[in-house]
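One structure is given below, encoded as structure tokens.
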Amino acid sequence: EIAQCLVGSEMCIRDRNTDLNISNLLKKIAKEWKYIILAIFFGGFIGFGIANYLIVPKYTSRISLYVNNTQSGEYSESVDISDINASRSLVNTYMAFLKSDYILDQILQEIDVEGYSTEALSSCITCEDIENTEMFNVFVETEDAQLSAQIGNYIAEIAPKEITRVFNTGAVEVIDYAKMSQYPSSPEKPVYMIGGAIIGAFVSCSVIFLEMLLNQKVKSPEDFEEHYSIPLLGIL
């Protein structure tokens, strides 16, 4: 136990709380690096376990559609920039239409989508335009790879005729039909592993910091000199 320290002719006792600085924390972290590495691996393992065993995998299928600002069946040898711009402006309208209750109700009637409501089915369908083109993609994500492909191909089947019938302008052509995915699109296991590793590192460093904050004991002369940055003249 350190009872007293004399420096010259003065008594020097400092508050330990002021010595909890970044430098001391980094030294402590460097000293306990093995435990931090272990926590990182453990966190990554937990993240992998959650993604692999606790989260239901989902499968995504995609179809690609092309918007042409002419009536279906018409052909022109020249390309008019105004038609291209008009086609691009129609993309957002058509994407919104494909997620309307009218289309979703047709899907529910024609495909055995057990347990899905209109709202639930809508959340499974995502439309995304391809920048600077007259094309857009429709993604269908469900827990069944075959069902995702089936819904996607049904949308591809009815989209051209329904869009032409409702809007009476432009034409939609199918570029790519949906294929059954062999691998799940979510959860993304690497993301969960990295997230778990980051949490493991954060928790281990937090434990080290709290241990430094709550431990008010000076266990050795080296601890005294490290924390108070003054020479030790004697121990009683």
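By convention here, the chains of the structure tokens are called A, B, ... in the order presented, each chain's residues are numbered starting at 1, and ligands are numbered starting at 1 in the order presented.
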(message) When you look at Lys189 in chain A with a cut-off of 10 Å (counting only C-alpha atoms), what residues show up, excluding the ones that are within fewer than 5 positions of it in the same chain? I need them as a list in words.
(response)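 Once the nearby chain positions are removed, what remains is Gly44, Gly47, Phe48, Gly49, Ile50, Ala51, Asn52, Ile194 and Gly195 of chain A.
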(request) Within 10 Å of range 169-183 of chain A, counting only C-alpha atoms, which residues show up once you throw out same-chain ones fewer than 2 positions away? Write them as number ranges by chain, please. (result) A: 57-74, 83, 86-87, 90-91, 94, 134-140, 144-157, 159-167, 185-186
Dump C-alpha atoms for the selected residues as a CSV table (one decimal), in the first residue's frame?
```
chain,number,residue,atom,x,y,z
A,57,PRO,CA,-33.7,-16.7,-46.0
A,58,LYS,CA,-35.3,-14.9,-48.8
A,59,TYR,CA,-34.9,-15.4,-52.6
A,60,THR,CA,-35.1,-12.7,-55.2
A,61,SER,CA,-36.0,-13.0,-58.9
A,62,ARG,CA,-35.7,-10.1,-61.5
A,63,ILE,CA,-37.4,-9.2,-64.7
A,64,SER,CA,-36.3,-6.4,-67.0
A,65,LEU,CA,-38.8,-4.3,-69.1
A,66,TYR,CA,-38.2,-1.8,-71.8
A,67,VAL,CA,-40.5,1.2,-72.4
A,68,ASN,CA,-41.0,2.4,-76.0
A,69,ASN,CA,-43.0,5.6,-76.6
A,70,THR,CA,-44.8,4.1,-79.6
A,71,GLN,CA,-47.8,2.0,-79.9
A,72,SER,CA,-47.1,-1.7,-79.8
A,73,GLY,CA,-46.2,-3.1,-83.2
A,74,GLU,CA,-45.1,0.2,-84.7
A,83,ASP,CA,-39.7,9.8,-77.9
A,86,ALA,CA,-41.1,10.6,-73.1
A,87,SER,CA,-40.2,6.9,-72.6
A,90,LEU,CA,-43.2,7.0,-68.4
A,91,VAL,CA,-40.9,4.6,-66.5
A,94,TYR,CA,-45.4,2.2,-65.2
A,134,GLU,CA,-35.8,3.5,-70.9
A,135,MET,CA,-35.5,0.3,-69.0
A,136,PHE,CA,-36.5,-0.7,-65.5
A,137,ASN,CA,-36.3,-3.8,-63.3
A,138,VAL,CA,-38.9,-5.5,-61.2
A,139,PHE,CA,-37.6,-7.5,-58.2
A,140,VAL,CA,-39.7,-10.1,-56.3
A,144,ASP,CA,-39.6,-19.4,-51.7
A,145,ALA,CA,-37.3,-19.2,-54.7
A,146,GLN,CA,-39.8,-20.8,-57.0
A,147,LEU,CA,-42.6,-18.5,-55.9
A,148,SER,CA,-40.4,-15.4,-56.5
A,149,ALA,CA,-39.8,-16.5,-60.1
A,150,GLN,CA,-43.4,-17.4,-60.6
A,151,ILE,CA,-44.6,-14.0,-59.5
A,152,GLY,CA,-42.0,-12.2,-61.6
A,153,ASN,CA,-42.9,-14.1,-64.8
A,154,TYR,CA,-46.6,-13.5,-64.2
A,155,ILE,CA,-45.9,-9.7,-64.0
A,156,ALA,CA,-43.8,-10.0,-67.2
A,157,GLU,CA,-46.8,-11.8,-68.8
A,159,ALA,CA,-47.4,-6.0,-67.8
A,160,PRO,CA,-47.2,-5.2,-71.6
A,161,LYS,CA,-50.9,-5.7,-72.4
A,162,GLU,CA,-52.2,-4.1,-69.2
A,163,ILE,CA,-50.0,-1.1,-69.5
A,164,THR,CA,-51.0,-0.6,-73.1
A,165,ARG,CA,-54.7,-1.1,-72.3
A,166,VAL,CA,-54.8,1.3,-69.3
A,167,PHE,CA,-52.5,4.1,-70.6
A,185,SER,CA,-30.5,-12.8,-51.4
A,186,SER,CA,-30.9,-12.2,-47.7
```
Picked from range 13-218 of chain A by DSSP as strand (DSSP E), as a PDB file with N, CA and C atoms, in the first residue's frame:
```pdb
ATOM      1  N   TYR A  59     -35.425 -15.205 -51.237  1.00  0.00           N
ATOM      2  CA  TYR A  59     -34.876 -15.368 -52.584  1.00  0.00           C
ATOM      3  C   TYR A  59     -35.477 -14.307 -53.509  1.00  0.00           C
ATOM      4  N   THR A  60     -34.633 -13.761 -54.359  1.00  0.00           N
ATOM      5  CA  THR A  60     -35.054 -12.673 -55.235  1.00  0.00           C
ATOM      6  C   THR A  60     -34.960 -13.089 -56.701  1.00  0.00           C
ATOM      7  N   SER A  61     -36.006 -12.780 -57.444  1.00  0.00           N
ATOM      8  CA  SER A  61     -35.996 -12.955 -58.898  1.00  0.00           C
ATOM      9  C   SER A  61     -36.204 -11.595 -59.550  1.00  0.00           C
ATOM     10  N   ARG A  62     -35.710 -11.446 -60.772  1.00  0.00           N
ATOM     11  CA  ARG A  62     -35.745 -10.148 -61.455  1.00  0.00           C
ATOM     12  C   ARG A  62     -36.252 -10.301 -62.882  1.00  0.00           C
ATOM     13  N   ILE A  63     -37.069  -9.333 -63.291  1.00  0.00           N
ATOM     14  CA  ILE A  63     -37.428  -9.207 -64.696  1.00  0.00           C
ATOM     15  C   ILE A  63     -37.023  -7.802 -65.154  1.00  0.00           C
ATOM     16  N   SER A  64     -36.707  -7.674 -66.436  1.00  0.00           N
ATOM     17  CA  SER A  64     -36.343  -6.376 -67.004  1.00  0.00           C
ATOM     18  C   SER A  64     -37.323  -6.015 -68.107  1.00  0.00           C
ATOM     19  N   LEU A  65     -37.769  -4.768 -68.097  1.00  0.00           N
ATOM     20  CA  LEU A  65     -38.750  -4.296 -69.068  1.00  0.00           C
ATOM     21  C   LEU A  65     -38.216  -3.050 -69.776  1.00  0.00           C
ATOM     22  N   TYR A  66     -38.621  -2.914 -71.026  1.00  0.00           N
ATOM     23  CA  TYR A  66     -38.206  -1.770 -71.845  1.00  0.00           C
ATOM     24  C   TYR A  66     -39.443  -0.971 -72.241  1.00  0.00           C
ATOM     25  N   VAL A  67     -39.372   0.346 -72.056  1.00  0.00           N
ATOM     26  CA  VAL A  67     -40.490   1.231 -72.387  1.00  0.00           C
ATOM     27  C   VAL A  67     -40.214   1.928 -73.709  1.00  0.00           C
ATOM     28  N   ASN A  68     -41.152   1.803 -74.641  1.00  0.00           N
ATOM     29  CA  ASN A  68     -41.015   2.422 -75.950  1.00  0.00           C
ATOM     30  C   ASN A  68     -42.211   3.350 -76.161  1.00  0.00           C
ATOM     31  N   ILE A 125     -42.415  -6.730 -53.701  1.00  0.00           N
ATOM     32  CA  ILE A 125     -42.116  -6.291 -55.068  1.00  0.00           C
ATOM     33  C   ILE A 125     -41.446  -4.923 -55.030  1.00  0.00           C
ATOM     34  N   THR A 126     -40.328  -4.818 -55.713  1.00  0.00           N
ATOM     35  CA  THR A 126     -39.591  -3.553 -55.795  1.00  0.00           C
ATOM     36  C   THR A 126     -39.296  -3.240 -57.251  1.00  0.00           C
ATOM     37  N   CYS A 127     -39.571  -2.008 -57.650  1.00  0.00           N
ATOM     38  CA  CYS A 127     -39.269  -1.556 -59.008  1.00  0.00           C
ATOM     39  C   CYS A 127     -38.124  -0.563 -58.959  1.00  0.00           C
ATOM     40  N   GLU A 128     -37.245  -0.658 -59.932  1.00  0.00           N
ATOM     41  CA  GLU A 128     -36.054   0.200 -59.943  1.00  0.00           C
ATOM     42  C   GLU A 128     -35.697   0.547 -61.382  1.00  0.00           C
ATOM     43  N   ASP A 129     -35.643   1.839 -61.664  1.00  0.00           N
ATOM     44  CA  ASP A 129     -35.297   2.240 -63.032  1.00  0.00           C
ATOM     45  C   ASP A 129     -33.789   2.141 -63.235  1.00  0.00           C
ATOM     46  N   MET A 135     -35.307   1.581 -69.563  1.00  0.00           N
ATOM     47  CA  MET A 135     -35.535   0.257 -68.989  1.00  0.00           C
ATOM     48  C   MET A 135     -35.724   0.356 -67.474  1.00  0.00           C
ATOM     49  N   PHE A 136     -36.428  -0.612 -66.937  1.00  0.00           N
ATOM     50  CA  PHE A 136     -36.520  -0.732 -65.486  1.00  0.00           C
ATOM     51  C   PHE A 136     -36.624  -2.202 -65.094  1.00  0.00           C
ATOM     52  N   ASN A 137     -36.238  -2.477 -63.864  1.00  0.00           N
ATOM     53  CA  ASN A 137     -36.264  -3.836 -63.323  1.00  0.00           C
ATOM     54  C   ASN A 137     -37.368  -3.968 -62.291  1.00  0.00           C
ATOM     55  N   VAL A 138     -37.910  -5.159 -62.223  1.00  0.00           N
ATOM     56  CA  VAL A 138     -38.880  -5.493 -61.174  1.00  0.00           C
ATOM     57  C   VAL A 138     -38.303  -6.671 -60.391  1.00  0.00           C
ATOM     58  N   PHE A 139     -38.119  -6.462 -59.078  1.00  0.00           N
ATOM     59  CA  PHE A 139     -37.577  -7.499 -58.204  1.00  0.00           C
ATOM     60  C   PHE A 139     -38.698  -8.063 -57.335  1.00  0.00           C
ATOM     61  N   VAL A 140     -38.712  -9.385 -57.202  1.00  0.00           N
ATOM     62  CA  VAL A 140     -39.677 -10.059 -56.329  1.00  0.00           C
ATOM     63  C   VAL A 140     -38.887 -10.882 -55.319  1.00  0.00           C
ATOM     64  N   GLU A 141     -39.117 -10.613 -54.041  1.00  0.00           N
ATOM     65  CA  GLU A 141     -38.385 -11.303 -52.978  1.00  0.00           C
ATOM     66  C   GLU A 141     -39.367 -11.981 -52.022  1.00  0.00           C
ATOM     67  N   THR A 142     -39.291 -13.304 -51.931  1.00  0.00           N
ATOM     68  CA  THR A 142     -40.107 -14.074 -50.997  1.00  0.00           C
ATOM     69  C   THR A 142     -39.226 -15.140 -50.354  1.00  0.00           C
ATOM     70  N   ALA A 171     -45.400   1.377 -75.448  1.00  0.00           N
ATOM     71  CA  ALA A 171     -45.409  -0.086 -75.404  1.00  0.00           C
ATOM     72  C   ALA A 171     -44.321  -0.550 -74.460  1.00  0.00           C
ATOM     73  N   VAL A 172     -44.536  -1.699 -73.857  1.00  0.00           N
ATOM     74  CA  VAL A 172     -43.567  -2.285 -72.925  1.00  0.00           C
ATOM     75  C   VAL A 172     -43.158  -3.647 -73.448  1.00  0.00           C
ATOM     76  N   GLU A 173     -41.880  -3.849 -73.542  1.00  0.00           N
ATOM     77  CA  GLU A 173     -41.340  -5.124 -74.005  1.00  0.00           C
ATOM     78  C   GLU A 173     -40.544  -5.781 -72.877  1.00  0.00           C
ATOM     79  N   VAL A 174     -40.651  -7.103 -72.790  1.00  0.00           N
ATOM     80  CA  VAL A 174     -39.909  -7.850 -71.773  1.00  0.00           C
ATOM     81  C   VAL A 174     -38.506  -8.136 -72.302  1.00  0.00           C
ATOM     82  N   ILE A 175     -37.513  -7.729 -71.545  1.00  0.00           N
ATOM     83  CA  ILE A 175     -36.117  -7.992 -71.916  1.00  0.00           C
ATOM     84  C   ILE A 175     -35.628  -9.277 -71.267  1.00  0.00           C
ATOM     85  N   ASP A 176     -35.818  -9.392 -69.966  1.00  0.00           N
ATOM     86  CA  ASP A 176     -35.390 -10.587 -69.223  1.00  0.00           C
ATOM     87  C   ASP A 176     -36.547 -11.128 -68.410  1.00  0.00           C
TER      88      ASP A 176
END
```
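Every protein, DNA or RNA residue with an atom at most 12 Å from Phe202 in chain A, where only C-alpha atoms count and chain neighbours fewer than 2 positions away do not, is listed here: Ile29, Ile36, Ile37, Ala39, Ile40, Gly43, Gly195, Gly196, Ala197, Ile198, Ile199, Gly200, Ser204, Cys205, Ser206, Val207, Ile208 and Phe209 of chain A.
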(request) Just give me the gap between CA of Glu119 in chain A and CA of Glu143 in chain A in Å, one decimal is fine. (result)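 Atom-to-atom, CA of Glu119 in chain A and CA of Glu143 in chain A are spaced 16.1 Å apart.
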(request) Take CA of Ser117 in chain A and CA of Asp101 in chain A and report the distance between them in Å, one decimal. (result)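 Taking CA of Ser117 in chain A and CA of Asp101 in chain A, their separation equals 10.5 Å.
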